[in-house]
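As provided, final_30.cif (mmCIF, N, CA and C atoms) reads as follows.
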data_start
#
loop_
_atom_site.label_atom_id
_atom_site.label_comp_id
_atom_site.auth_asym_id
_atom_site.auth_seq_id
_atom_site.Cartn_x
_atom_site.Cartn_y
_atom_site.Cartn_z
N MET G 1 1.76 4.05 20.39
CA MET G 1 1.70 3.64 19.00
C MET G 1 1.43 4.88 18.15
N VAL G 2 2.21 5.04 17.10
CA VAL G 2 2.04 6.20 16.22
C VAL G 2 1.63 5.81 14.81
N ALA G 3 1.66 4.51 14.50
CA ALA G 3 1.28 4.07 13.15
C ALA G 3 0.78 2.63 13.20
N ALA G 4 -0.03 2.31 12.21
CA ALA G 4 -0.54 0.94 12.07
C ALA G 4 -0.70 0.64 10.59
N VAL G 5 -0.56 -0.64 10.26
CA VAL G 5 -0.71 -1.08 8.87
C VAL G 5 -1.10 -2.55 8.89
N THR G 6 -1.79 -2.98 7.86
CA THR G 6 -2.16 -4.39 7.70
C THR G 6 -1.43 -4.94 6.49
N LEU G 7 -0.78 -6.10 6.65
CA LEU G 7 -0.12 -6.79 5.55
C LEU G 7 -0.91 -8.04 5.23
N THR G 8 -1.05 -8.34 3.95
CA THR G 8 -1.80 -9.51 3.55
C THR G 8 -1.31 -10.03 2.21
N PHE G 9 -1.77 -11.20 1.85
CA PHE G 9 -1.37 -11.86 0.60
C PHE G 9 -2.61 -12.29 -0.16
N ALA G 10 -2.45 -12.64 -1.42
CA ALA G 10 -3.56 -13.09 -2.26
C ALA G 10 -4.31 -14.23 -1.57
N GLY G 11 -5.63 -14.13 -1.59
CA GLY G 11 -6.46 -15.19 -1.04
C GLY G 11 -6.71 -15.10 0.45
N GLN G 12 -6.06 -14.16 1.13
CA GLN G 12 -6.27 -14.00 2.57
C GLN G 12 -7.49 -13.12 2.83
N PRO G 13 -8.10 -13.24 4.00
CA PRO G 13 -9.34 -12.52 4.28
C PRO G 13 -9.28 -11.00 4.09
N TYR G 14 -8.17 -10.35 4.41
CA TYR G 14 -8.10 -8.90 4.28
C TYR G 14 -7.60 -8.44 2.91
N SER G 15 -7.27 -9.37 2.04
CA SER G 15 -6.75 -9.00 0.73
C SER G 15 -7.86 -8.48 -0.17
N GLU G 16 -7.55 -7.37 -0.84
CA GLU G 16 -8.48 -6.81 -1.82
C GLU G 16 -7.94 -6.89 -3.24
N ILE G 17 -6.63 -6.73 -3.39
CA ILE G 17 -6.07 -6.63 -4.73
C ILE G 17 -4.85 -7.50 -4.99
N ALA G 18 -4.29 -8.10 -3.95
CA ALA G 18 -3.05 -8.86 -4.13
C ALA G 18 -3.22 -10.00 -5.12
N THR G 19 -2.23 -10.15 -5.97
CA THR G 19 -2.18 -11.28 -6.88
C THR G 19 -1.13 -12.25 -6.36
N ASP G 20 -1.05 -13.43 -6.92
CA ASP G 20 -0.05 -14.40 -6.50
C ASP G 20 1.34 -13.78 -6.57
N GLY G 21 2.13 -13.99 -5.55
CA GLY G 21 3.49 -13.46 -5.51
C GLY G 21 3.57 -12.00 -5.12
N GLU G 22 2.49 -11.46 -4.58
CA GLU G 22 2.44 -10.04 -4.25
C GLU G 22 2.02 -9.85 -2.79
N LEU G 23 2.72 -8.99 -2.10
CA LEU G 23 2.35 -8.57 -0.76
C LEU G 23 1.49 -7.32 -0.90
N GLU G 24 0.37 -7.30 -0.20
CA GLU G 24 -0.50 -6.12 -0.21
C GLU G 24 -0.45 -5.49 1.17
N PHE G 25 -0.28 -4.17 1.21
CA PHE G 25 -0.45 -3.52 2.50
C PHE G 25 -1.65 -2.58 2.42
N ARG G 26 -2.36 -2.52 3.54
CA ARG G 26 -3.62 -1.79 3.59
C ARG G 26 -3.71 -1.00 4.88
N MET G 27 -4.56 -0.04 4.85
CA MET G 27 -4.95 0.71 6.04
C MET G 27 -3.76 1.31 6.79
N LEU G 28 -2.78 1.82 6.04
CA LEU G 28 -1.66 2.50 6.67
C LEU G 28 -2.19 3.79 7.29
N ALA G 29 -2.00 3.93 8.58
CA ALA G 29 -2.47 5.11 9.29
C ALA G 29 -1.36 5.61 10.22
N VAL G 30 -1.19 6.92 10.23
CA VAL G 30 -0.21 7.56 11.11
C VAL G 30 -0.96 8.57 11.97
N ASP G 31 -0.68 8.56 13.26
CA ASP G 31 -1.29 9.51 14.18
C ASP G 31 -1.13 10.92 13.60
N PRO G 32 -2.23 11.69 13.50
CA PRO G 32 -2.13 13.04 12.93
C PRO G 32 -1.06 13.91 13.60
N ALA G 33 -0.82 13.71 14.88
CA ALA G 33 0.20 14.50 15.57
C ALA G 33 1.60 14.17 15.10
N CYS G 34 1.77 13.02 14.43
CA CYS G 34 3.09 12.57 13.98
C CYS G 34 3.25 12.65 12.46
N GLN G 35 2.19 13.05 11.76
CA GLN G 35 2.27 13.11 10.31
C GLN G 35 3.25 14.19 9.87
N GLY G 36 3.94 13.91 8.78
CA GLY G 36 4.92 14.85 8.26
C GLY G 36 6.30 14.69 8.87
N GLY G 37 6.45 13.75 9.78
CA GLY G 37 7.73 13.55 10.45
C GLY G 37 8.50 12.34 9.98
N GLY G 38 8.02 11.68 8.93
CA GLY G 38 8.74 10.54 8.38
C GLY G 38 8.29 9.18 8.89
N VAL G 39 7.26 9.15 9.73
CA VAL G 39 6.80 7.87 10.27
C VAL G 39 6.24 6.98 9.16
N GLY G 40 5.37 7.53 8.32
CA GLY G 40 4.80 6.75 7.22
C GLY G 40 5.87 6.22 6.29
N ARG G 41 6.84 7.06 5.98
CA ARG G 41 7.96 6.65 5.11
C ARG G 41 8.73 5.50 5.75
N ALA G 42 8.97 5.59 7.05
CA ALA G 42 9.71 4.52 7.75
C ALA G 42 8.91 3.22 7.73
N VAL G 43 7.61 3.31 7.91
CA VAL G 43 6.77 2.10 7.88
C VAL G 43 6.82 1.46 6.50
N VAL G 44 6.65 2.24 5.45
CA VAL G 44 6.66 1.68 4.09
C VAL G 44 8.04 1.10 3.76
N ARG G 45 9.10 1.76 4.17
CA ARG G 45 10.45 1.22 3.94
C ARG G 45 10.62 -0.12 4.64
N GLU G 46 10.09 -0.26 5.83
CA GLU G 46 10.18 -1.53 6.56
C GLU G 46 9.36 -2.61 5.85
N ILE G 47 8.21 -2.24 5.31
CA ILE G 47 7.39 -3.20 4.55
C ILE G 47 8.20 -3.71 3.35
N VAL G 48 8.83 -2.80 2.64
CA VAL G 48 9.64 -3.18 1.47
C VAL G 48 10.78 -4.08 1.90
N LYS G 49 11.45 -3.71 2.98
CA LYS G 49 12.56 -4.52 3.48
C LYS G 49 12.11 -5.94 3.82
N GLN G 50 10.99 -6.05 4.51
CA GLN G 50 10.48 -7.37 4.88
C GLN G 50 10.03 -8.16 3.66
N ALA G 51 9.39 -7.50 2.71
CA ALA G 51 8.92 -8.18 1.50
C ALA G 51 10.08 -8.76 0.71
N ARG G 52 11.18 -8.04 0.67
CA ARG G 52 12.36 -8.51 -0.07
C ARG G 52 12.95 -9.77 0.55
N GLN G 53 12.64 -10.04 1.79
CA GLN G 53 13.14 -11.24 2.46
C GLN G 53 12.23 -12.44 2.26
N LEU G 54 11.09 -12.25 1.64
CA LEU G 54 10.14 -13.34 1.39
C LEU G 54 10.39 -13.89 -0.01
N PRO G 55 10.88 -15.11 -0.14
CA PRO G 55 11.27 -15.63 -1.45
C PRO G 55 10.13 -15.71 -2.47
N SER G 56 8.91 -15.84 -2.03
CA SER G 56 7.81 -15.99 -2.98
C SER G 56 7.17 -14.66 -3.37
N ILE G 57 7.70 -13.55 -2.86
CA ILE G 57 7.12 -12.24 -3.13
C ILE G 57 7.98 -11.47 -4.14
N GLY G 58 7.33 -11.03 -5.21
CA GLY G 58 8.04 -10.28 -6.25
C GLY G 58 7.58 -8.85 -6.40
N SER G 59 6.50 -8.48 -5.69
CA SER G 59 5.99 -7.12 -5.78
C SER G 59 5.14 -6.80 -4.55
N ILE G 60 4.86 -5.50 -4.41
CA ILE G 60 4.02 -5.00 -3.32
C ILE G 60 2.96 -4.11 -3.95
N SER G 61 1.73 -4.20 -3.42
CA SER G 61 0.67 -3.34 -3.91
C SER G 61 -0.02 -2.62 -2.76
N ILE G 62 -0.59 -1.47 -3.08
CA ILE G 62 -1.36 -0.68 -2.13
C ILE G 62 -2.50 0.00 -2.88
N THR G 63 -3.64 0.07 -2.23
CA THR G 63 -4.78 0.82 -2.76
C THR G 63 -4.85 2.14 -2.02
N SER G 64 -5.16 3.22 -2.72
CA SER G 64 -5.25 4.53 -2.10
C SER G 64 -6.40 5.31 -2.72
N ALA G 65 -7.15 5.99 -1.88
CA ALA G 65 -8.24 6.84 -2.39
C ALA G 65 -7.66 7.95 -3.25
N THR G 66 -8.40 8.35 -4.26
CA THR G 66 -7.90 9.33 -5.22
C THR G 66 -7.53 10.67 -4.58
N PHE G 67 -8.15 11.02 -3.46
CA PHE G 67 -7.90 12.32 -2.83
C PHE G 67 -6.71 12.31 -1.87
N MET G 68 -6.07 11.17 -1.67
CA MET G 68 -4.97 11.06 -0.71
C MET G 68 -3.63 11.43 -1.36
N GLU G 69 -3.52 12.66 -1.76
CA GLU G 69 -2.38 13.12 -2.55
C GLU G 69 -1.05 13.02 -1.81
N ARG G 70 -1.03 13.28 -0.52
CA ARG G 70 0.23 13.15 0.24
C ARG G 70 0.71 11.72 0.23
N ALA G 71 -0.21 10.78 0.40
CA ALA G 71 0.15 9.36 0.38
C ALA G 71 0.69 8.98 -1.00
N HIS G 72 0.06 9.48 -2.06
CA HIS G 72 0.52 9.18 -3.42
C HIS G 72 1.96 9.66 -3.60
N GLY G 73 2.25 10.85 -3.11
CA GLY G 73 3.61 11.37 -3.21
C GLY G 73 4.61 10.49 -2.46
N LEU G 74 4.22 10.02 -1.30
CA LEU G 74 5.09 9.12 -0.53
C LEU G 74 5.36 7.85 -1.31
N TYR G 75 4.31 7.21 -1.80
CA TYR G 75 4.48 5.95 -2.52
C TYR G 75 5.36 6.14 -3.76
N LYS G 76 5.10 7.19 -4.51
CA LYS G 76 5.88 7.45 -5.72
C LYS G 76 7.35 7.70 -5.38
N SER G 77 7.60 8.43 -4.29
CA SER G 77 8.99 8.74 -3.91
C SER G 77 9.76 7.49 -3.49
N LEU G 78 9.03 6.43 -3.12
CA LEU G 78 9.67 5.18 -2.73
C LEU G 78 9.69 4.15 -3.86
N GLY G 79 9.33 4.58 -5.06
CA GLY G 79 9.43 3.71 -6.23
C GLY G 79 8.15 3.04 -6.68
N PHE G 80 7.06 3.26 -5.97
CA PHE G 80 5.78 2.68 -6.39
C PHE G 80 5.30 3.41 -7.63
N ARG G 81 4.65 2.67 -8.50
CA ARG G 81 4.10 3.24 -9.73
C ARG G 81 2.61 2.94 -9.80
N ARG G 82 1.88 3.87 -10.38
CA ARG G 82 0.44 3.65 -10.56
C ARG G 82 0.22 2.44 -11.45
N ALA G 83 -0.81 1.69 -11.12
CA ALA G 83 -1.25 0.55 -11.92
C ALA G 83 -2.72 0.77 -12.25
N PRO G 84 -3.01 1.74 -13.12
CA PRO G 84 -4.39 2.15 -13.36
C PRO G 84 -5.29 1.03 -13.89
N GLU G 85 -4.70 0.04 -14.52
CA GLU G 85 -5.50 -1.09 -15.00
C GLU G 85 -6.09 -1.91 -13.85
N ARG G 86 -5.59 -1.67 -12.65
CA ARG G 86 -6.08 -2.41 -11.47
C ARG G 86 -6.94 -1.55 -10.55
N ASP G 87 -7.16 -0.29 -10.90
CA ASP G 87 -8.02 0.58 -10.09
C ASP G 87 -9.39 -0.06 -9.95
N TRP G 88 -10.09 0.27 -8.88
CA TRP G 88 -11.40 -0.34 -8.64
C TRP G 88 -12.27 0.58 -7.78
N TYR G 89 -13.56 0.30 -7.84
CA TYR G 89 -14.53 1.06 -7.06
C TYR G 89 -14.93 0.28 -5.81
N VAL G 90 -15.12 1.01 -4.71
CA VAL G 90 -15.64 0.40 -3.49
C VAL G 90 -17.04 -0.13 -3.81
N PRO G 91 -17.31 -1.39 -3.49
CA PRO G 91 -18.64 -1.94 -3.79
C PRO G 91 -19.78 -1.09 -3.22
N ASP G 92 -20.77 -0.86 -4.04
CA ASP G 92 -21.97 -0.11 -3.66
C ASP G 92 -21.71 1.36 -3.34
N GLU G 93 -20.57 1.88 -3.74
CA GLU G 93 -20.25 3.29 -3.53
C GLU G 93 -19.60 3.84 -4.79
N ASP G 94 -19.64 5.15 -4.94
CA ASP G 94 -19.02 5.80 -6.08
C ASP G 94 -17.65 6.34 -5.69
N VAL G 95 -16.81 5.45 -5.11
CA VAL G 95 -15.48 5.84 -4.65
C VAL G 95 -14.44 5.05 -5.43
N LEU G 96 -13.66 5.76 -6.25
CA LEU G 96 -12.61 5.14 -7.03
C LEU G 96 -11.35 5.02 -6.19
N LEU G 97 -10.75 3.86 -6.21
CA LEU G 97 -9.49 3.63 -5.51
C LEU G 97 -8.39 3.34 -6.53
N TRP G 98 -7.26 3.98 -6.33
CA TRP G 98 -6.11 3.79 -7.21
C TRP G 98 -5.20 2.72 -6.64
N VAL G 99 -4.55 1.99 -7.51
CA VAL G 99 -3.59 0.97 -7.10
C VAL G 99 -2.19 1.44 -7.46
N PHE G 100 -1.28 1.30 -6.51
CA PHE G 100 0.14 1.57 -6.70
C PHE G 100 0.87 0.26 -6.49
N ARG G 101 1.95 0.05 -7.25
CA ARG G 101 2.66 -1.22 -7.20
C ARG G 101 4.17 -0.98 -7.25
N LEU G 102 4.89 -1.77 -6.49
CA LEU G 102 6.36 -1.74 -6.50
C LEU G 102 6.87 -3.11 -6.88
N GLU G 103 7.61 -3.17 -7.96
CA GLU G 103 8.27 -4.40 -8.38
C GLU G 103 9.54 -4.53 -7.56
N LEU G 104 9.75 -5.69 -6.95
CA LEU G 104 10.94 -5.89 -6.11
C LEU G 104 12.12 -6.42 -6.91
#

Translate this structure into C-alpha coordinates?
Amino acid sequence: MVAAVTLTFAGQPYSEIATDGELEFRMLAVDPACQGGGVGRAVVREIVKQARQLPSIGSISITSATFMERAHGLYKSLGFRRAPERDWYVPDEDVLLWVFRLEL
(Lines of atoms letter the chains of each structure in order from A and count residues from 1; the text may use other names and numbers.)
(Lines give C-alpha, C1' and ligand atoms only; values in the text may rest on other atoms or scores of the structure.)
Protein backbone atom coordinates (compact mmCIF):
# COMPACT_ATOMS: atom_id res chain seq x y z
CA MET A 1 0.00 0.00 0.00
CA VAL A 2 1.39 3.39 -0.99
CA ALA A 3 -1.55 5.67 -0.17
CA ALA A 4 -4.61 5.92 2.02
CA VAL A 5 -7.57 8.28 2.23
CA THR A 6 -10.88 8.50 4.08
CA LEU A 7 -14.10 9.45 2.27
CA THR A 8 -17.12 10.66 4.18
CA PHE A 9 -20.37 12.59 3.87
CA ALA A 10 -22.23 15.17 5.97
CA GLY A 11 -23.41 13.74 9.25
CA GLN A 12 -21.10 10.73 9.20
CA PRO A 13 -18.76 10.03 12.14
CA TYR A 14 -15.54 11.04 10.33
CA SER A 15 -17.01 14.14 8.71
CA GLU A 16 -15.63 17.48 9.84
CA ILE A 17 -16.75 19.93 7.19
CA ALA A 18 -18.99 18.23 4.62
CA THR A 19 -22.28 19.90 3.91
CA ASP A 20 -25.32 18.23 2.35
CA GLY A 21 -24.53 17.13 -1.19
CA GLU A 22 -20.79 17.20 -0.60
CA LEU A 23 -18.21 14.43 -0.43
CA GLU A 24 -15.40 15.10 2.02
CA PHE A 25 -12.05 13.41 1.80
CA ARG A 26 -9.69 13.39 4.73
CA MET A 27 -6.36 12.09 5.86
CA LEU A 28 -4.87 11.63 2.40
CA ALA A 29 -1.44 10.14 3.01
CA VAL A 30 1.18 8.92 0.56
CA ASP A 31 4.19 6.84 1.58
CA PRO A 32 7.14 9.26 1.73
CA ALA A 33 9.13 6.95 -0.56
CA CYS A 34 6.44 7.42 -3.23
CA GLN A 35 5.79 11.14 -2.83
CA GLY A 36 6.38 13.26 -5.91
CA GLY A 37 5.59 10.40 -8.26
CA GLY A 38 1.95 11.22 -8.96
CA VAL A 39 0.34 8.85 -6.46
CA GLY A 40 -1.50 11.62 -4.58
CA ARG A 41 -2.70 13.12 -7.86
CA ALA A 42 -3.99 9.72 -9.00
CA VAL A 43 -5.84 9.21 -5.72
CA VAL A 44 -7.52 12.64 -5.88
CA ARG A 45 -8.46 12.11 -9.54
CA GLU A 46 -10.09 8.80 -8.61
CA ILE A 47 -12.00 10.52 -5.78
CA VAL A 48 -13.30 13.10 -8.26
CA LYS A 49 -14.22 10.38 -10.75
CA GLN A 50 -16.14 8.43 -8.12
CA ALA A 51 -17.87 11.54 -6.75
CA ARG A 52 -19.13 12.43 -10.22
CA GLN A 53 -20.90 9.07 -10.34
CA LEU A 54 -22.86 9.79 -7.15
CA PRO A 55 -26.10 11.56 -8.14
CA SER A 56 -26.55 13.34 -4.81
CA ILE A 57 -23.01 14.80 -4.74
CA GLY A 58 -22.37 18.23 -6.25
CA SER A 59 -19.01 19.09 -4.69
CA ILE A 60 -15.97 17.76 -2.87
CA SER A 61 -14.21 19.31 0.11
CA ILE A 62 -10.88 18.78 1.83
CA THR A 63 -9.29 20.33 4.90
CA SER A 64 -5.55 20.99 4.83
CA ALA A 65 -3.13 22.42 7.37
CA THR A 66 -1.81 25.83 6.39
CA PHE A 67 1.78 24.57 6.13
CA MET A 68 0.99 21.77 3.63
CA GLU A 69 1.96 23.81 0.60
CA ARG A 70 2.63 20.85 -1.73
CA ALA A 71 -0.85 19.50 -1.04
CA HIS A 72 -2.36 22.94 -1.70
CA GLY A 73 -0.62 23.03 -5.07
CA LEU A 74 -1.98 19.59 -5.93
CA TYR A 75 -5.54 20.50 -5.01
CA LYS A 76 -5.41 23.80 -6.91
CA SER A 77 -3.96 22.10 -10.00
CA LEU A 78 -6.96 19.74 -10.00
CA GLY A 79 -9.49 22.58 -9.84
CA PHE A 80 -10.07 22.89 -6.10
CA ARG A 81 -10.48 26.43 -4.83
CA ARG A 82 -9.94 27.84 -1.38
CA ALA A 83 -13.10 28.33 0.66
CA PRO A 84 -11.72 30.63 3.37
CA GLU A 85 -15.16 31.26 4.83
CA ARG A 86 -15.12 27.61 5.92
CA ASP A 87 -11.63 27.56 7.47
CA TRP A 88 -11.58 26.36 11.07
CA TYR A 89 -9.35 25.77 14.07
CA VAL A 90 -8.62 22.36 15.58
CA PRO A 91 -10.55 22.30 18.88
CA ASP A 92 -8.39 23.23 21.87
CA GLU A 93 -5.38 23.98 19.65
CA ASP A 94 -4.07 27.01 17.81
CA VAL A 95 -3.96 25.20 14.45
CA LEU A 96 -5.78 26.81 11.53
CA LEU A 97 -7.04 24.47 8.83
CA TRP A 98 -7.88 25.64 5.34
CA VAL A 99 -10.77 24.28 3.32
CA PHE A 100 -10.53 23.59 -0.40
CA ARG A 101 -13.61 22.80 -2.49
CA LEU A 102 -14.29 21.48 -5.97
CA GLU A 103 -17.65 22.11 -7.60
CA LEU A 104 -18.58 19.13 -9.78

| task | Convert the output of the PyMOL selection byres (((chain G and resi 9-16 and name CA) around 12) and name CA) on the shown file into explicit residues, formatted as a ChimeraX atom specification. | result | /G:5-8,17-27,51,54,56-64,86-91,97,99

| query | What does the distance between CA of Arg81 in chain G and atom C of Met1 in chain G come to in Å, to one decimal place? | reply | 28.1 Å

| request: Check the DSSP output for the backbone and give back, as a list in words, the residues of chain G in helix (DSSP H, G or I). | output: Pro32, Ala33, Cys34, Val39, Gly40, Arg41, Ala42, Val43, Val44, Arg45, Glu46, Ile47, Val48, Lys49, Gln50, Ala51, Arg52, Glu69, Arg70, Ala71, His72, Gly73, Leu74, Tyr75, Lys76, Ser77, Pro84, Glu85 and Arg86 of chain G

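You can rank G:Ala4, G:Leu104, G:Pro55, G:Ala83 by their closest distance to Ala29 in chain G using only N, CA and C atoms, and at the top of that list sits G:Ala4.
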
| Near-Gly79 in chain G list (7 Å; all atoms listed in the file; drop same-chain fewer than 5 positions) as a VMD selection string | chain G and resid 74 101 to 103

| said: On this structure, the PyMOL selection byres (((chain G and resi 34-46 and name CA) around 9) and name CA) would catch which residues? List them as a ChimeraX atom specification, sorted by chain and number. | reply: /G:2-5,25,28-33,47-51,71,74-75,78

Could you turn the residues from that selection into a file that holds N, CA and C atoms, as a PDB file, keeping the file's coordinate frame?
ATOM      1  N   VAL G   2       2.210   5.040  17.100  1.00  0.00           N
ATOM      2  CA  VAL G   2       2.040   6.200  16.220  1.00  0.00           C
ATOM      3  C   VAL G   2       1.630   5.810  14.810  1.00  0.00           C
ATOM      4  N   ALA G   3       1.660   4.510  14.500  1.00  0.00           N
ATOM      5  CA  ALA G   3       1.280   4.070  13.150  1.00  0.00           C
ATOM      6  C   ALA G   3       0.780   2.630  13.200  1.00  0.00           C
ATOM      7  N   ALA G   4      -0.030   2.310  12.210  1.00  0.00           N
ATOM      8  CA  ALA G   4      -0.540   0.940  12.070  1.00  0.00           C
ATOM      9  C   ALA G   4      -0.700   0.640  10.590  1.00  0.00           C
ATOM     10  N   VAL G   5      -0.560  -0.640  10.260  1.00  0.00           N
ATOM     11  CA  VAL G   5      -0.710  -1.080   8.870  1.00  0.00           C
ATOM     12  C   VAL G   5      -1.100  -2.550   8.890  1.00  0.00           C
ATOM     13  N   PHE G  25      -0.280  -4.170   1.210  1.00  0.00           N
ATOM     14  CA  PHE G  25      -0.450  -3.520   2.500  1.00  0.00           C
ATOM     15  C   PHE G  25      -1.650  -2.580   2.420  1.00  0.00           C
ATOM     16  N   LEU G  28      -2.780   1.820   6.040  1.00  0.00           N
ATOM     17  CA  LEU G  28      -1.660   2.500   6.670  1.00  0.00           C
ATOM     18  C   LEU G  28      -2.190   3.790   7.290  1.00  0.00           C
ATOM     19  N   ALA G  29      -2.000   3.930   8.580  1.00  0.00           N
ATOM     20  CA  ALA G  29      -2.470   5.110   9.290  1.00  0.00           C
ATOM     21  C   ALA G  29      -1.360   5.610  10.220  1.00  0.00           C
ATOM     22  N   VAL G  30      -1.190   6.920  10.230  1.00  0.00           N
ATOM     23  CA  VAL G  30      -0.210   7.560  11.110  1.00  0.00           C
ATOM     24  C   VAL G  30      -0.960   8.570  11.970  1.00  0.00           C
ATOM     25  N   ASP G  31      -0.680   8.560  13.260  1.00  0.00           N
ATOM     26  CA  ASP G  31      -1.290   9.510  14.180  1.00  0.00           C
ATOM     27  C   ASP G  31      -1.130  10.920  13.600  1.00  0.00           C
ATOM     28  N   PRO G  32      -2.230  11.690  13.500  1.00  0.00           N
ATOM     29  CA  PRO G  32      -2.130  13.040  12.930  1.00  0.00           C
ATOM     30  C   PRO G  32      -1.060  13.910  13.600  1.00  0.00           C
ATOM     31  N   ALA G  33      -0.820  13.710  14.880  1.00  0.00           N
ATOM     32  CA  ALA G  33       0.200  14.500  15.570  1.00  0.00           C
ATOM     33  C   ALA G  33       1.600  14.170  15.100  1.00  0.00           C
ATOM     34  N   ILE G  47       8.210  -2.240   5.310  1.00  0.00           N
ATOM     35  CA  ILE G  47       7.390  -3.200   4.550  1.00  0.00           C
ATOM     36  C   ILE G  47       8.200  -3.710   3.350  1.00  0.00           C
ATOM     37  N   VAL G  48       8.830  -2.800   2.640  1.00  0.00           N
ATOM     38  CA  VAL G  48       9.640  -3.180   1.470  1.00  0.00           C
ATOM     39  C   VAL G  48      10.780  -4.080   1.900  1.00  0.00           C
ATOM     40  N   LYS G  49      11.450  -3.710   2.980  1.00  0.00           N
ATOM     41  CA  LYS G  49      12.560  -4.520   3.480  1.00  0.00           C
ATOM     42  C   LYS G  49      12.110  -5.940   3.820  1.00  0.00           C
ATOM     43  N   GLN G  50      10.990  -6.050   4.510  1.00  0.00           N
ATOM     44  CA  GLN G  50      10.480  -7.370   4.880  1.00  0.00           C
ATOM     45  C   GLN G  50      10.030  -8.160   3.660  1.00  0.00           C
ATOM     46  N   ALA G  51       9.390  -7.500   2.710  1.00  0.00           N
ATOM     47  CA  ALA G  51       8.920  -8.180   1.500  1.00  0.00           C
ATOM     48  C   ALA G  51      10.080  -8.760   0.710  1.00  0.00           C
ATOM     49  N   ALA G  71      -0.210  10.780   0.400  1.00  0.00           N
ATOM     50  CA  ALA G  71       0.150   9.360   0.380  1.00  0.00           C
ATOM     51  C   ALA G  71       0.690   8.980  -1.000  1.00  0.00           C
ATOM     52  N   LEU G  74       4.220  10.020  -1.300  1.00  0.00           N
ATOM     53  CA  LEU G  74       5.090   9.120  -0.530  1.00  0.00           C
ATOM     54  C   LEU G  74       5.360   7.850  -1.310  1.00  0.00           C
ATOM     55  N   TYR G  75       4.310   7.210  -1.800  1.00  0.00           N
ATOM     56  CA  TYR G  75       4.480   5.950  -2.520  1.00  0.00           C
ATOM     57  C   TYR G  75       5.360   6.140  -3.760  1.00  0.00           C
ATOM     58  N   LEU G  78       9.030   6.430  -3.120  1.00  0.00           N
ATOM     59  CA  LEU G  78       9.670   5.180  -2.730  1.00  0.00           C
ATOM     60  C   LEU G  78       9.690   4.150  -3.860  1.00  0.00           C
TER      61      LEU G  78
END

| message | So that I can check the secondary structure, give me every residue of range 14-66 of chain G assigned strand (DSSP E) by backbone DSSP, as a list in words. | response | Glu22, Leu23, Glu24, Phe25, Arg26, Met27, Leu28, Ala29, Val30, Ser59, Ile60, Ser61, Ile62, Thr63, Ser64 and Ala65 of chain G

| message | Between CA of Ser77 in chain G and atom N of Phe100 in chain G, what distance in Å does the model show, to one decimal? | response | 12.9 Å

| Do you have the atom C of Arg70 in chain G-CA of Asp94 in chain G distance handy? | 21.5 Å

All file atoms of range 38-41 of chain G boxed axis-aligned, 6 Å per side, centre plus edges, as AutoDock Vina command-line options:
--center_x 6.8 --center_y 8.6 --center_z 7.7 --size_x 15.9 --size_y 18.2 --size_z 17.2

| Which residue of G:Pro84, G:Ala65, G:His72, G:Gln53 approaches Leu96 in chain G most closely, using only N, CA and C atoms |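 Checking each of G:Pro84, G:Ala65, G:His72, G:Gln53 against Leu96 in chain G, counting only N, CA and C atoms, the winner is G:Ala65.
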